Protein chains: 4
Amino acid sequence: MMVIMKTKASEDQIHYVVKKIEEVGAKAHLSKGKYKTIIGAIGDREQIVKLPFKAYPGVEDVLPISKPYKLVSREFKPEDTIIDVGGVKIGGSYFAVMAGPCSIESEEQVMRSAEVVKKAGAQILRGGAYKPRTSPYSFQGLGEKGLKMMAKAREVTGMPIVTEVLDTRDVATVAKYADILQIGARNMQNFTLLTEVGKLKKPILLKKAFSCTIEETLMSAEYILKGGNTKVIICERGLRSFESATRNTLDISAIPIIKSLSHLPVIVDPSHATGKRDLIKPLGLAALAAGADGLMIEVHPAPEEALCDGPQSVTSTQFDDCMKSIISMAKYLGLKGIG
Amino acid sequence: MMVIMKTKASEDQIHYVVKKIEEVGAKAHLSKGKYKTIIGAIGDREQIVKLPFKAYPGVEDVLPISKPYKLVSREFKPEDTIIDVGGVKIGGSYFAVMAGPCSIESEEQVMRSAEVVKKAGAQILRGGAYKPRTSPYSFQGLGEKGLKMMAKAREVTGMPIVTEVLDTRDVATVAKYADILQIGARNMQNFTLLTEVGKLKKPILLKKAFSCTIEETLMSAEYILKGGNTKVIICERGLRSFESATRNTLDISAIPIIKSLSHLPVIVDPSHATGKRDLIKPLGLAALAAGADGLMIEVHPAPEEALCDGPQSVTSTQFDDCMKSIISMAKYLGLKGIG
Amino acid sequence: MMVIMKTKASEDQIHYVVKKIEEVGAKAHLSKGKYKTIIGAIGDREQIVKLPFKAYPGVEDVLPISKPYKLVSREFKPEDTIIDVGGVKIGGSYFAVMAGPCSIESEEQVMRSAEVVKKAGAQILRGGAYKPRTSPYSFQGLGEKGLKMMAKAREVTGMPIVTEVLDTRDVATVAKYADILQIGARNMQNFTLLTEVGKLKKPILLKKAFSCTIEETLMSAEYILKGGNTKVIICERGLRSFESATRNTLDISAIPIIKSLSHLPVIVDPSHATGKRDLIKPLGLAALAAGADGLMIEVHPAPEEALCDGPQSVTSTQFDDCMKSIISMAKYLGLKGIG
Amino acid sequence: MMVIMKTKASEDQIHYVVKKIEEVGAKAHLSKGKYKTIIGAIGDREQIVKLPFKAYPGVEDVLPISKPYKLVSREFKPEDTIIDVGGVKIGGSYFAVMAGPCSIESEEQVMRSAEVVKKAGAQILRGGAYKPRTSPYSFQGLGEKGLKMMAKAREVTGMPIVTEVLDTRDVATVAKYADILQIGARNMQNFTLLTEVGKLKKPILLKKAFSCTIEETLMSAEYILKGGNTKVIICERGLRSFESATRNTLDISAIPIIKSLSHLPVIVDPSHATGKRDLIKPLGLAALAAGADGLMIEVHPAPEEALCDGPQSVTSTQFDDCMKSIISMAKYLGLKGIG
């Protein structure tokens, strides 16, 4: 941490900062220029970040010189984390596609979806039983009934399942059925929920909030790892910008950046990022080319009847076509586990 | 709802849309132009919004022509909602200031803060016992112990208290102590939490998420009102933009806009919006001039010792000065309940 | 400038950076920690900023510790700049309102507008003769013919006039007629245009781009001052965010921030910031309360006939009402030059 | 255009809107619902868009139902535009890489850069002689002297050259030397400059502003086509968002979207979008996979000496490696003109 003192900071103010740094067992390095004094605080990061430097008199600015996360960082664990979900691997050079409907509507719909996505080559079945909806008047999901339908689809097809948990009170229930628990974008900074899933042994799919930075996303992952659960998959699904041609702006740069900063696998959800089914294929291929470890795609056997997110769901035929290109590209890139 | 058909939409596709509209008991108005056919769906909004128009074949776009919320709207209730919190009124022409430390750290700190803010003219005491922190290594709050300290400060000063609830499991506990329950910006779209506080009878302070629109904010308020709790205060605390001179960008326009769309009171939190104590006074006065019903300000007797948000907390002396200007302006504007 | 070296930076890499700093006549301060070495570069800022530190081997990051502008800064000139435009003062405690139509359409329209705004209490007449329009099919302005109409309105009413210049080739022509030359938001980073108006002696109204930061705005003002023209008025007119309830998001914080960083006067244009006439009054009052030195408001005698920006223009009656509140608030605040 | 009337709009107000539509020779379609009347205006788009509907009394909102551009649209010209630059084709299935230094610094630097990029497989040489710099204290380019150096590099290597023009006064000079004239991101809405280059016969590289939407970008291209110059290449180089890990956020979705809306070729500039050389390769490949027609990459033989944008320039060796992957991917995708 570098503390930049104001041009007119007094000696007393400088000493106050130095004293505070030393009080937490860290060392203070002074660098006095003609106009400015800079104080470097070197030592136990966890202690140093707790000091409210900006509130100290005479302080102009504080500049972090190390990352605020630890367990998720490449420095802490240089090799790629590979997550095994019922035999399906994600990360390293293993590539996985999670596909299925936005929300579970009926047993028939889940079963048809599962068959379609399996046949096309997807390895994991997605589907929502608890749905976060902007409007209280929208369909809110089938709850545990939906989870049971998902479990049945797993039984029949052998595909592991991923589904969202919204509330700390539902963590145990969802964990009973799901192979991967999803933390949705709107809950990425629901810290009590992160803490709860950090106590599980099951993999967590952490969706990057549309309003949060890469660093904040890694901090949320750190909450889970700090709890003891190291199986975190990060999912880029777009950020909120002024551009209105898509629902959100898929941040393709997030893939190589997160993979350079962290050992965790990174997947991409082009369906939620764009809200447009015509963009699933080009963005899915772009994600692959940029180094993603997987994709999450909404497929609905009859999108025009979907209770949720119809416009962004691809049909069975479109998904088939999409997967052909994805599998071909994955092979060209030398990825494993798919096709 | 206006459904715009594609230029080449077939008669069958047009009839399909009309049929779907009529199936939910609504009426379809056709307007056929040389190039485009537009279908207006008129009827029960709650039914119409459930139709996944964009997923229907031949549909180019869907344009809402009425607001997606109802109970929070001015059309539903034209007169201002005035909320009474232990004798302190907010809304209509009643103006209230909520002030206190970001987080409760000790009984002494709460008591000192309470005295300071009361003496300066604030009517409600704020303070956090459950803290949402980006880093798992930051101070997470004192929990129920902190709530008890708040309650004691209320006993001594007579000021009602407002404090945040983060988790559905804590709603009952927080409701036991608080006069107003705060839903923080990061939980504005935590729909299960909104549903829980909708069951209470106590006022809710709903902070606008830094990443959400005014319409989404009103939809979140609608969740609470739909549950039966009509006592909602909306708080503008800035949106996330590219400007880095402030932590967030206070959207001053949100005040007159929300007040024109809704009957609910609107307050402003310049402390969290800007992250800079020097801006509290000018932005507080601007909020007043733009029609806000109240302010929420972080005050800490010793900001340089604060465990959280020191840089944006004003000192006792600064708060005194700030309140003098605020009270004077409130009187100039003819507001009641303050000074 | 603080140069943060990578954890594994070699001694050679450190020496390379030090050598480069010393080559431009500056001093290098080394601060070696257990993990990181930080090098402070102290000396002539203009020389130091030219060094491409981030491109040097072994460099992790570069942190500026002083502002990149000089002539516009409060440090360079502590007292407020007061600009005199034909007897109308702006800045210090002088407050001015510039009002008039978005674009000049006819002599009759300018004359009527001028009378209306003068009678209501505005001091300066605005109007566009060269219009930057997103669409090549929209009305592009009357050019010099429009400037002559403006000049005639000045003759009759005695009000100074402000009008936009879009192109370096038109600077001389516009300067012949205008009392203040406006650089529009889309040209805030048109550096050759800034350089040209920097050679004039007339005041420049520099509109903050909807996509630029406060610091970039001050850098653009620096271009003008560096050319020798110190009469710059900065105008906040909103930034582009995801919020769609207004055309742009008026950054009310920009007023106190720019005024603390710079000695230049700051005015606010609520018409372009919001695109909604109902917001002109509350945001105009908010700007006053936050410390603005003036307002720019679009007024059109018949907005429903306006060739440009009708929806955000207030009518004569609305402007009258608006000015009554503004003048009253200005007096309450002790401002001079108005009412 | 759909005009939505307010719930309480009077018959007179409705007739006024209908009359105005008919006055410009268009037809008005009325659709009267229980609460709302909607009026569709069908006819000559150029006439209809000029009507200031939102300013008419009784109008609540106006919804465009057709695109505001014409000449750039796929509807106007369904087949891909292929642009030939001295034998190098861009668009259709022709892929081109433009590479070279950010700014021209010396003859030696240009010549070395040209050799390096040609050898690695790039087809077009880029380099800036007129530089738009945020700071007036930064290097502003060599001007015509730099253009001459570029021309010499073309003579020696046979590569066509692309370079930026900043000012209408320089268009003729730049056109004398350049094979492609670049309009930089900051000038994308410099409408007089767009109008000037619209008069040329040479190809124009139009960079999407970091603050503008896809629709606004197409409107700027429309300015050029309207002038008679149909040779426009659009370049995505990132938009400004809150994410600070990259300089801008590359909008990968813009590629398939622009290509579906328009017949013009689309290239991507990962160097300016990200500001980080490590991201050039993954984002370049992602752009290819998403359907881009080309790339623009900054290469500097000695980035640590570059007077501009060193951190984002790749070295000769890095560019070699980058191009190997790009050429391989282009062949995998069946693209022509490269490798």
# chains A, B, ... in the order shown; residues from 1 in each chain; ligands from 1
call {"tool": "residues_around", "arguments": {"residues": "range 5-10 of chain C", "least_positions_apart": "4", "cutoff": "10 Å", "atoms": "only C-alpha atoms", "output": "list in words"}}
result
Ile65 and Ser66 of chain A; Ile14, His15, Tyr16, Val17, Lys32, Gly33, Lys34, Tyr35, Lys36, Thr37, Ile38, Ile39, Lys54, Tyr56, Pro57, Gly58, Val59, Glu60, Asp61 and Val62 of chain C
call {"tool": "select_by_dssp", "arguments": {"residues": "range 98-252 of chain D", "states": "helix (DSSP H, G or I)", "output": "VMD selection string"}}
result
chain D and resid 107 to 120 144 to 157 168 to 177 185 to 187 191 to 197 214 to 226
call {"tool": "interface_residues", "arguments": {"of": "chain A", "to": "chain B", "cutoff": "6 Å", "atoms": "only C-alpha atoms", "output": "list in words"}}
result
Lys54, Ala55, Tyr56, Ser135, Pro136, Ser211, Met219, Tyr223, Pro303, Glu304, Gly310 and Pro311 of chain A
call {"tool": "residues_around", "arguments": {"residues": "range 100-109 of chain C", "least_positions_apart": "5", "cutoff": "10 Å", "atoms": "only C-alpha atoms", "output": "PyMOL selection string"}}
result
chain C and resi 114-118+122+124-131+139-143+145-150+152-153+161-163+271-272+296-303+306-310+312-314
call {"tool": "closest_residue", "arguments": {"among": "C:Asn229, C:Thr173, C:Ser262, C:Ser253", "to": "Lys281 in chain B", "atoms": "only C-alpha atoms"}}
result
C:Ser253
call {"tool": "decode", "arguments": {"residues": "range 32-77 of chain A", "atoms": "C-alpha atoms", "output": "PDB file, in the first residue's frame"}}
result
ATOM      1  CA  LYS A  32      10.360  12.281   0.604  1.00  0.00           C
ATOM      2  CA  GLY A  33      10.328  14.341  -2.558  1.00  0.00           C
ATOM      3  CA  LYS A  34      10.458  18.099  -3.003  1.00  0.00           C
ATOM      4  CA  TYR A  35       6.666  18.352  -2.985  1.00  0.00           C
ATOM      5  CA  LYS A  36       5.331  15.063  -1.801  1.00  0.00           C
ATOM      6  CA  THR A  37       6.074  12.415   0.786  1.00  0.00           C
ATOM      7  CA  ILE A  38       5.088   8.875  -0.068  1.00  0.00           C
ATOM      8  CA  ILE A  39       4.868   6.177   2.578  1.00  0.00           C
ATOM      9  CA  GLY A  40       4.962   2.531   1.563  1.00  0.00           C
ATOM     10  CA  ALA A  41       3.298   0.069   3.951  1.00  0.00           C
ATOM     11  CA  ILE A  42       4.830  -3.365   3.614  1.00  0.00           C
ATOM     12  CA  GLY A  43       3.730  -6.388   5.638  1.00  0.00           C
ATOM     13  CA  ASP A  44       0.657  -8.507   6.333  1.00  0.00           C
ATOM     14  CA  ARG A  45      -1.843  -7.433   3.710  1.00  0.00           C
ATOM     15  CA  GLU A  46      -4.862  -8.449   5.741  1.00  0.00           C
ATOM     16  CA  GLN A  47      -3.781  -6.131   8.532  1.00  0.00           C
ATOM     17  CA  ILE A  48      -2.755  -3.255   6.301  1.00  0.00           C
ATOM     18  CA  VAL A  49      -5.979  -3.098   4.293  1.00  0.00           C
ATOM     19  CA  LYS A  50      -7.915  -2.553   7.498  1.00  0.00           C
ATOM     20  CA  LEU A  51      -6.189   0.767   8.162  1.00  0.00           C
ATOM     21  CA  PRO A  52      -8.467   3.632   7.047  1.00  0.00           C
ATOM     22  CA  PHE A  53      -5.587   5.629   5.518  1.00  0.00           C
ATOM     23  CA  LYS A  54      -7.794   7.953   3.506  1.00  0.00           C
ATOM     24  CA  ALA A  55      -9.399   9.168   6.684  1.00  0.00           C
ATOM     25  CA  TYR A  56      -6.077  10.123   8.296  1.00  0.00           C
ATOM     26  CA  PRO A  57      -5.262  13.836   8.331  1.00  0.00           C
ATOM     27  CA  GLY A  58      -2.803  14.932   5.647  1.00  0.00           C
ATOM     28  CA  VAL A  59      -3.377  11.946   3.408  1.00  0.00           C
ATOM     29  CA  GLU A  60      -4.112  12.758  -0.236  1.00  0.00           C
ATOM     30  CA  ASP A  61      -4.509   9.324  -1.745  1.00  0.00           C
ATOM     31  CA  VAL A  62      -3.862   5.639  -1.166  1.00  0.00           C
ATOM     32  CA  LEU A  63      -2.629   3.348  -3.895  1.00  0.00           C
ATOM     33  CA  PRO A  64      -2.827  -0.395  -3.548  1.00  0.00           C
ATOM     34  CA  ILE A  65       0.225  -2.152  -4.891  1.00  0.00           C
ATOM     35  CA  SER A  66      -0.925  -5.671  -4.357  1.00  0.00           C
ATOM     36  CA  LYS A  67      -4.129  -7.502  -5.148  1.00  0.00           C
ATOM     37  CA  PRO A  68      -6.806  -7.659  -2.428  1.00  0.00           C
ATOM     38  CA  TYR A  69      -7.437 -11.398  -2.976  1.00  0.00           C
ATOM     39  CA  LYS A  70      -5.180 -14.299  -2.206  1.00  0.00           C
ATOM     40  CA  LEU A  71      -6.637 -17.827  -2.434  1.00  0.00           C
ATOM     41  CA  VAL A  72      -8.054 -17.317  -5.926  1.00  0.00           C
ATOM     42  CA  SER A  73      -4.812 -15.847  -7.305  1.00  0.00           C
ATOM     43  CA  ARG A  74      -2.359 -17.433  -9.721  1.00  0.00           C
ATOM     44  CA  GLU A  75       0.431 -16.402  -7.363  1.00  0.00           C
ATOM     45  CA  PHE A  76      -1.088 -18.572  -4.640  1.00  0.00           C
ATOM     46  CA  LYS A  77      -1.742 -21.517  -6.989  1.00  0.00           C
TER      47      LYS A  77
END
